[in-house]
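Data block below; observations after.
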Amino acid sequence: MTSSTLRPHVAVIGGGICGLAAAHRLARDGIRVTLLEAGDQLGGLGTFFPHGDQWIERFYHCVMPTDTSLLRLLDELNLKDSVRWRKTTMGMIVDGRRHRFNSALDLLRFTPLRLRDRVRFGVVSVLLRRLGRGRDLDELRTEDWLRGLYGDDVWEQLFAPMFGSKFGASFGDVPALYLWQRLGRERNVATRGYPAGGYKAVIDALRASIEGAGGVVRTRAPVHRLSSTAEGCSLTVADGEVLDVTQVVSTVPLPLLRRLADEELAARLPRTDLPYQGVVTAAFFLRRPLTGHYWTPVLHSGTEFDGVVEMSALAGPEAYGGSHLTYVMRYTGRESRLYREEDAAIATRWTAQLMGLYPELRADDIEDVRVFKAPFVEPVYPLGYLARQPPVAVDGTNLLLATTAHVYPDVTSWNSSVTLANQVTDGFVQPSGNITSRASAIR
């Protein structure tokens, strides 16, 4: 097989937001594209489930005002004006007690910390972005940086459980650059957005855009084998179908891609796979709101879940048929006992734990509980990852990688995935029937 015998054709593996955004851009630029998604839905972590006559995301999402790449994509899809912006608030539950956590006055009243630590917390938090400038935060442990700035008590009371819930046992070793970038995205802005029709409206619009430009979108089309050389790529899809293409953009995590690659390609793939945290999430449909805070970390409170997100505080109960949608979640490895446990058992136990945190919540206030899991959610980056981050282009092949391993130092989000998709597809041209890309220069 040689690229000269093929009409230029790109296959995109994975129908999450990165794959959809990449296929959208390629199709819009006139390149023949086929998107292959193993599941029966597109969207990745933006997939959804039916509730009444509506479709609800399995996992919570929001749009930040700083999400420039995502907002630009929504504008291309004529959806930017559909984003409803609202000011949101934050709570904090520590040792089972609820606290507001939004203003200087709230901080002064935050009794889990001593007064001097509250004052220090406020001053350092205001200066944190500035304090990180000019430092090699990629080589600095988050724990060392935050302990030095905030003190031991703040680290032990607040940051250790929060980072531990996100990254597991290696939480202290995550580069401080991750936190610094996260602060750059959120910038203490309380305003968040949610698109009318939910994220399904975005996914549907992307599919319509790809197909409207002549691209092909296939669900229930798992790739069982992938080979790629300097001449082209070959994919074995469901039922033994073989798809020969000029180039492949893979958005699936590297541990999964390694299982698909033939022996020759596997030897060319980056040798180090990042560990990933998965997530277990329960979606509660309630007849009443809890506190009205969008985001509430849960620390030292005897619950398995470590955060509460009241989506109806952002999207409004009308987005959920009048119900108040609340997510609770726990990041955990996909081999953990919790991840492997039956959904019904988790729902029963987490319902009791939620009612323990909110005693005013009665059993008849809970309309429904649904549990969902995802295995590859949060990469756990090691120190010095910038120097070890794999390149997008795999040498000696026509394979490009666009995974969460490549968004660092940006925070994993829909916005960073769209940014990566734009970078990987930037510069695709069709000289003499071949497709090339400037992505080989991207790390």
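Following the order of the structure tokens, chains are lettered A, B, ..., residues in each are numbered from 1, and ligands are numbered from 1.
For Ile13 (chain A), the set of protein, DNA and RNA residues having any atom at most 9 Å away, when counting only C-alpha atoms and skipping those fewer than 2 positions along the same chain, is Ala11, Gly15, Gly19, Thr34, Leu35, Leu36, Glu37, Ala38, Pro222, Val223, Val248, Val249, Ser250, Thr251 and Val252 of chain A.
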Selection file, all heavy atoms, as a tab-separated table (two decimals), in the first residue's frame:
chain	number	residue	atom	x	y	z
A	11	ALA	N	-8.13	9.05	8.98
A	11	ALA	CA	-9.01	8.40	9.95
A	11	ALA	C	-8.73	8.99	11.32
A	11	ALA	O	-7.56	9.15	11.71
A	11	ALA	CB	-8.79	6.90	9.96
A	15	GLY	N	-14.18	9.24	19.37
A	15	GLY	CA	-15.22	10.24	19.14
A	15	GLY	C	-15.49	11.14	20.32
A	15	GLY	O	-16.60	11.63	20.49
A	19	GLY	N	-11.40	14.21	19.23
A	19	GLY	CA	-11.60	13.59	17.93
A	19	GLY	C	-12.63	14.31	17.09
A	19	GLY	O	-12.45	14.51	15.89
A	34	THR	N	-12.68	10.17	8.11
A	34	THR	CA	-13.58	9.18	8.70
A	34	THR	C	-13.28	9.11	10.19
A	34	THR	O	-12.13	8.86	10.59
A	34	THR	CB	-13.38	7.79	8.08
A	34	THR	OG1	-13.70	7.85	6.69
A	34	THR	CG2	-14.28	6.76	8.76
A	35	LEU	N	-14.30	9.34	11.01
A	35	LEU	CA	-14.14	9.26	12.46
A	35	LEU	C	-14.70	7.93	12.93
A	35	LEU	O	-15.82	7.55	12.59
A	35	LEU	CB	-14.87	10.42	13.15
A	35	LEU	CG	-14.70	10.51	14.67
A	35	LEU	CD1	-14.68	11.97	15.11
A	35	LEU	CD2	-15.80	9.77	15.42
A	36	LEU	N	-13.93	7.22	13.75
A	36	LEU	CA	-14.30	5.90	14.25
A	36	LEU	C	-14.43	5.93	15.76
A	36	LEU	O	-13.45	6.22	16.47
A	36	LEU	CB	-13.26	4.87	13.84
A	36	LEU	CG	-13.00	4.73	12.34
A	36	LEU	CD1	-11.75	3.89	12.09
A	36	LEU	CD2	-14.21	4.12	11.64
A	37	GLU	N	-15.62	5.64	16.27
A	37	GLU	CA	-15.88	5.61	17.71
A	37	GLU	C	-16.33	4.21	18.09
A	37	GLU	O	-17.26	3.66	17.48
A	37	GLU	CB	-16.94	6.63	18.09
A	37	GLU	CG	-17.56	6.46	19.46
A	37	GLU	CD	-16.54	6.45	20.60
A	37	GLU	OE1	-15.58	7.25	20.55
A	37	GLU	OE2	-16.70	5.62	21.51
A	38	ALA	N	-15.68	3.62	19.10
A	38	ALA	CA	-16.00	2.24	19.48
A	38	ALA	C	-17.37	2.12	20.13
A	38	ALA	O	-18.07	1.12	19.93
A	38	ALA	CB	-14.93	1.71	20.43
A	222	PRO	N	-15.28	-0.13	16.65
A	222	PRO	CA	-13.99	-0.24	17.36
A	222	PRO	C	-12.87	-0.64	16.41
A	222	PRO	O	-13.07	-1.44	15.49
A	222	PRO	CB	-14.26	-1.35	18.39
A	222	PRO	CG	-15.35	-2.18	17.78
A	222	PRO	CD	-16.22	-1.20	17.03
A	223	VAL	N	-11.72	-0.07	16.63
A	223	VAL	CA	-10.52	-0.45	15.86
A	223	VAL	C	-9.86	-1.61	16.60
A	223	VAL	O	-9.52	-1.49	17.78
A	223	VAL	CB	-9.56	0.73	15.73
A	223	VAL	CG1	-8.27	0.30	15.04
A	223	VAL	CG2	-10.22	1.87	14.97
A	248	VAL	N	-3.54	8.75	10.17
A	248	VAL	CA	-4.43	8.51	11.31
A	248	VAL	C	-4.13	9.52	12.39
A	248	VAL	O	-2.96	9.82	12.68
A	248	VAL	CB	-4.24	7.08	11.87
A	248	VAL	CG1	-4.92	6.94	13.24
A	248	VAL	CG2	-4.81	6.04	10.91
A	249	VAL	N	-5.18	10.07	12.98
A	249	VAL	CA	-5.08	10.88	14.20
A	249	VAL	C	-5.74	10.06	15.30
A	249	VAL	O	-6.94	9.78	15.25
A	249	VAL	CB	-5.79	12.24	14.05
A	249	VAL	CG1	-5.75	13.00	15.39
A	249	VAL	CG2	-5.14	13.07	12.95
A	250	SER	N	-4.97	9.66	16.30
A	250	SER	CA	-5.50	8.86	17.40
A	250	SER	C	-5.67	9.73	18.64
A	250	SER	O	-4.72	10.39	19.08
A	250	SER	CB	-4.57	7.69	17.73
A	250	SER	OG	-5.06	6.99	18.87
A	251	THR	N	-6.87	9.70	19.20
A	251	THR	CA	-7.15	10.48	20.40
A	251	THR	C	-7.32	9.59	21.63
A	251	THR	O	-7.60	10.09	22.71
A	251	THR	CB	-8.42	11.33	20.22
A	251	THR	OG1	-9.57	10.47	20.14
A	251	THR	CG2	-8.33	12.19	18.97
A	252	VAL	N	-7.17	8.27	21.47
A	252	VAL	CA	-7.37	7.38	22.61
A	252	VAL	C	-6.12	7.37	23.48
A	252	VAL	O	-5.00	7.60	23.00
A	252	VAL	CB	-7.72	5.95	22.15
A	252	VAL	CG1	-8.99	5.95	21.32
A	252	VAL	CG2	-6.58	5.33	21.35
Region 312-396 of chain A residues near region 76-95 of chain A within 12 Å, closest pair each, using only C-alpha atoms, as JSON lines:
{"residue": "A:Ser312", "atom": "CA", "partner": "A:Thr88", "partner_atom": "CA", "distance": 10.6}
{"residue": "A:Ala313", "atom": "CA", "partner": "A:Thr88", "partner_atom": "CA", "distance": 7.1}
{"residue": "A:Leu314", "atom": "CA", "partner": "A:Arg86", "partner_atom": "CA", "distance": 6.2}
{"residue": "A:Ala315", "atom": "CA", "partner": "A:Arg84", "partner_atom": "CA", "distance": 7.6}
{"residue": "A:Gly316", "atom": "CA", "partner": "A:Arg86", "partner_atom": "CA", "distance": 9.7}
{"residue": "A:Ala319", "atom": "CA", "partner": "A:Arg84", "partner_atom": "CA", "distance": 11.3}
{"residue": "A:Leu354", "atom": "CA", "partner": "A:Ile93", "partner_atom": "CA", "distance": 11.7}
{"residue": "A:Gly356", "atom": "CA", "partner": "A:Asp95", "partner_atom": "CA", "distance": 11.8}
{"residue": "A:Leu357", "atom": "CA", "partner": "A:Ile93", "partner_atom": "CA", "distance": 8.4}
{"residue": "A:Tyr358", "atom": "CA", "partner": "A:Ile93", "partner_atom": "CA", "distance": 10.5}
**Request:** May I have the residues within 7 Å of Val424 (chain A) as a VMD selection string, using only C-alpha atoms and disregarding those fewer than 2 positions away in the same chain?
**Result:** chain A and resid 402 420 to 422 426 439
Dump of N, CA and C atoms for the selected residues, as a PDB file, in the first residue's frame:
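To be explicit, this is the file written out as out-v1.pdb:
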ATOM      1  N   ALA A 402      -3.102  12.679  19.631  1.00  0.00           N
ATOM      2  CA  ALA A 402      -3.786  13.835  20.232  1.00  0.00           C
ATOM      3  C   ALA A 402      -4.507  13.336  21.473  1.00  0.00           C
ATOM      4  N   LEU A 420      -5.719  21.281  21.483  1.00  0.00           N
ATOM      5  CA  LEU A 420      -4.839  20.242  20.961  1.00  0.00           C
ATOM      6  C   LEU A 420      -5.282  19.795  19.576  1.00  0.00           C
ATOM      7  N   ALA A 421      -6.581  19.607  19.385  1.00  0.00           N
ATOM      8  CA  ALA A 421      -7.096  19.207  18.068  1.00  0.00           C
ATOM      9  C   ALA A 421      -6.720  20.231  17.002  1.00  0.00           C
ATOM     10  N   ASN A 422      -6.816  21.496  17.350  1.00  0.00           N
ATOM     11  CA  ASN A 422      -6.437  22.552  16.401  1.00  0.00           C
ATOM     12  C   ASN A 422      -4.954  22.477  16.058  1.00  0.00           C
ATOM     13  N   ASP A 426      -3.389  21.502  12.414  1.00  0.00           N
ATOM     14  CA  ASP A 426      -2.923  22.741  11.804  1.00  0.00           C
ATOM     15  C   ASP A 426      -1.927  22.433  10.689  1.00  0.00           C
ATOM     16  N   ALA A 439       2.245  19.234  12.518  1.00  0.00           N
ATOM     17  CA  ALA A 439       2.171  18.677  13.855  1.00  0.00           C
ATOM     18  C   ALA A 439       3.478  18.023  14.290  1.00  0.00           C
TER      19      ALA A 439
END
**Prompt:** Which residue gives the smallest distance to Pro289 (chain A) among A:His51, A:Arg362, A:Arg133, A:His324, with only C-alpha atoms counted?
**Reply:**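 Smallest distance to Pro289 (chain A) is found for A:His324.
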**Request:** Considering only C-alpha atoms, return as an MDAnalysis selection string whatever protein or nucleic-acid residues lie within 9 Å of region 333-342 of chain A, sequence-local ones (same chain, fewer than 3 positions apart) excluded.
**Result:** chainID A and resid 168 275:280 345:347 373:376
**Request:** Looking only at strand (DSSP E or B) from DSSP on the backbone, list the matching residues of region 365-420 of chain A as a list of chain:residue names.
**Result:** A:Ile366, A:Glu367, A:Asp368, A:Val369, A:Arg370, A:Val371, A:Phe372, A:Lys373, A:Ala374, A:Pro375, A:Phe376, A:Val377, A:Glu378, A:Pro379, A:Ala393, A:Leu399, A:Leu400, A:Leu401
Could you save those same residues with all heavy atoms as a compact mmCIF listing (two decimals), in the first residue's frame?
# COMPACT_ATOMS: atom_id res chain seq x y z
N ILE A 366 -35.36 12.43 46.85
CA ILE A 366 -34.48 11.83 45.85
C ILE A 366 -35.32 11.08 44.83
O ILE A 366 -35.93 10.05 45.13
CB ILE A 366 -33.45 10.90 46.51
CG1 ILE A 366 -32.63 11.67 47.55
CG2 ILE A 366 -32.53 10.28 45.46
CD1 ILE A 366 -31.69 10.81 48.36
N GLU A 367 -35.36 11.61 43.61
CA GLU A 367 -36.17 11.00 42.56
C GLU A 367 -35.46 9.81 41.91
O GLU A 367 -36.08 8.80 41.58
CB GLU A 367 -36.48 12.04 41.47
CG GLU A 367 -37.26 13.24 41.96
CD GLU A 367 -37.36 14.32 40.88
OE1 GLU A 367 -36.68 14.20 39.84
OE2 GLU A 367 -38.12 15.27 41.09
N ASP A 368 -34.16 9.94 41.71
CA ASP A 368 -33.42 8.91 40.98
C ASP A 368 -31.93 9.09 41.24
O ASP A 368 -31.47 10.21 41.53
CB ASP A 368 -33.70 9.03 39.47
CG ASP A 368 -33.20 7.82 38.68
OD1 ASP A 368 -32.92 6.78 39.30
OD2 ASP A 368 -33.08 7.93 37.45
N VAL A 369 -31.18 8.00 41.16
CA VAL A 369 -29.73 8.02 41.29
C VAL A 369 -29.15 7.14 40.18
O VAL A 369 -29.57 5.99 40.02
CB VAL A 369 -29.25 7.49 42.65
CG1 VAL A 369 -27.73 7.68 42.79
CG2 VAL A 369 -29.99 8.16 43.80
N ARG A 370 -28.20 7.68 39.44
CA ARG A 370 -27.54 6.92 38.39
C ARG A 370 -26.03 6.99 38.60
O ARG A 370 -25.49 8.07 38.89
CB ARG A 370 -27.90 7.50 37.01
CG ARG A 370 -29.40 7.52 36.71
CD ARG A 370 -29.93 6.12 36.44
NE ARG A 370 -29.32 5.52 35.28
CZ ARG A 370 -29.76 5.71 34.02
NH1 ARG A 370 -30.83 6.48 33.79
NH2 ARG A 370 -29.17 5.13 33.01
N VAL A 371 -25.36 5.86 38.47
CA VAL A 371 -23.91 5.78 38.68
C VAL A 371 -23.21 5.52 37.35
O VAL A 371 -23.65 4.67 36.57
CB VAL A 371 -23.56 4.67 39.69
CG1 VAL A 371 -22.04 4.48 39.79
CG2 VAL A 371 -24.14 5.01 41.07
N PHE A 372 -22.13 6.26 37.11
CA PHE A 372 -21.36 6.12 35.88
C PHE A 372 -19.87 6.08 36.20
O PHE A 372 -19.43 6.66 37.19
CB PHE A 372 -21.66 7.27 34.92
CG PHE A 372 -23.11 7.40 34.57
CD1 PHE A 372 -23.91 8.35 35.19
CD2 PHE A 372 -23.69 6.54 33.65
CE1 PHE A 372 -25.25 8.46 34.89
CE2 PHE A 372 -25.03 6.64 33.34
CZ PHE A 372 -25.82 7.60 33.96
N LYS A 373 -19.12 5.41 35.32
CA LYS A 373 -17.68 5.27 35.52
C LYS A 373 -16.94 5.54 34.22
O LYS A 373 -17.45 5.27 33.14
CB LYS A 373 -17.35 3.84 36.00
CG LYS A 373 -18.05 3.45 37.29
CD LYS A 373 -17.90 1.97 37.57
CE LYS A 373 -18.66 1.57 38.83
NZ LYS A 373 -18.65 0.11 39.05
N ALA A 374 -15.74 6.09 34.35
CA ALA A 374 -14.86 6.28 33.19
C ALA A 374 -13.45 5.93 33.63
O ALA A 374 -13.00 6.37 34.70
CB ALA A 374 -14.93 7.72 32.69
N PRO A 375 -12.70 5.14 32.84
CA PRO A 375 -11.41 4.62 33.30
C PRO A 375 -10.21 5.55 33.10
O PRO A 375 -9.25 5.47 33.85
CB PRO A 375 -11.23 3.35 32.46
CG PRO A 375 -11.99 3.63 31.20
CD PRO A 375 -13.15 4.50 31.59
N PHE A 376 -10.26 6.41 32.06
CA PHE A 376 -9.10 7.26 31.74
C PHE A 376 -9.55 8.72 31.77
O PHE A 376 -10.00 9.26 30.77
CB PHE A 376 -8.54 6.92 30.36
CG PHE A 376 -8.00 5.52 30.24
CD1 PHE A 376 -8.77 4.51 29.70
CD2 PHE A 376 -6.72 5.22 30.68
CE1 PHE A 376 -8.28 3.21 29.59
CE2 PHE A 376 -6.21 3.93 30.57
CZ PHE A 376 -7.00 2.93 30.03
N VAL A 377 -9.41 9.36 32.93
CA VAL A 377 -9.94 10.72 33.09
C VAL A 377 -8.83 11.72 33.35
O VAL A 377 -8.68 12.71 32.65
CB VAL A 377 -10.99 10.77 34.22
CG1 VAL A 377 -11.50 12.20 34.42
CG2 VAL A 377 -12.16 9.83 33.90
N GLU A 378 -8.04 11.46 34.37
CA GLU A 378 -7.04 12.45 34.80
C GLU A 378 -5.65 11.84 34.74
O GLU A 378 -5.31 10.95 35.52
CB GLU A 378 -7.33 12.91 36.23
CG GLU A 378 -6.53 14.12 36.66
CD GLU A 378 -6.89 15.38 35.87
OE1 GLU A 378 -8.08 15.69 35.74
OE2 GLU A 378 -5.94 16.06 35.42
N PRO A 379 -4.80 12.28 33.79
CA PRO A 379 -3.42 11.80 33.79
C PRO A 379 -2.68 12.26 35.04
O PRO A 379 -2.90 13.38 35.53
CB PRO A 379 -2.81 12.44 32.54
CG PRO A 379 -3.97 12.97 31.76
CD PRO A 379 -5.05 13.26 32.73
N ALA A 393 3.77 13.63 16.50
CA ALA A 393 4.03 12.78 15.35
C ALA A 393 4.90 11.59 15.76
O ALA A 393 5.92 11.76 16.42
CB ALA A 393 4.72 13.58 14.25
N LEU A 399 1.11 8.38 11.71
CA LEU A 399 0.25 8.43 12.88
C LEU A 399 0.54 9.68 13.69
O LEU A 399 1.70 9.99 13.99
CB LEU A 399 0.48 7.19 13.75
CG LEU A 399 -0.23 7.16 15.11
CD1 LEU A 399 -1.74 7.13 14.95
CD2 LEU A 399 0.25 5.95 15.93
N LEU A 400 -0.52 10.41 14.02
CA LEU A 400 -0.43 11.57 14.90
C LEU A 400 -1.20 11.27 16.18
O LEU A 400 -2.27 10.65 16.15
CB LEU A 400 -1.00 12.82 14.23
CG LEU A 400 -0.33 13.27 12.93
CD1 LEU A 400 -1.09 14.45 12.34
CD2 LEU A 400 1.12 13.65 13.18
N LEU A 401 -0.67 11.72 17.31
CA LEU A 401 -1.28 11.48 18.61
C LEU A 401 -1.89 12.78 19.14
O LEU A 401 -1.25 13.83 19.10
CB LEU A 401 -0.23 10.97 19.60
CG LEU A 401 0.57 9.75 19.16
CD1 LEU A 401 1.64 9.41 20.20
CD2 LEU A 401 -0.36 8.55 18.95
**Prompt:** In Å, with one decimal, what is the gap from CA of Gly52 (chain A) to CA of Gly322 (chain A)?
**Reply:** 10.9 Å
**Item:** Using only C-alpha atoms: which of A:Ala282, A:Val418, A:Met355, A:Leu140 has the shortest distance to Tyr178 (chain A)
**Value:**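 Smallest separation from Tyr178 (chain A) among the options: A:Leu140.
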**Request:** Mind the document's chain letters and residue numbers, and return as a PyMOL selection string the residues of region 209-359 of chain A that DSSP labels alpha helix (DSSP H).
**Result:** chain A and resi 209-212+254-260+263-268+312-315+337-340+343-357
**Asked** Quick one, how far is CA of Gly14 (chain A) from CA of Gln181 (chain A)?
**Response**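 Separation of CA of Gly14 (chain A) and CA of Gln181 (chain A): 26.1 Å.
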**Complete:** If you count only C-alpha atoms, the residue of A:His406, A:Arg118, A:Arg130, A:His61 closest to Tyr381 (chain A) turns out to be A:His406
**Asked** Of the candidates A:Gln157, A:Thr142, A:Thr229, A:Thr412, which one gets nearest to Pro382 (chain A) if we count only C-alpha atoms?
**Response**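 Of the candidates, the smallest distance to Pro382 (chain A) is held by A:Thr142.
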**Request:** Can you pull out every residue within 9 Å of Val411 (chain A), counting only C-alpha atoms, but drop anything in the same chain fewer than 4 positions away, and send it as a count of residues only?
**Result:** 8
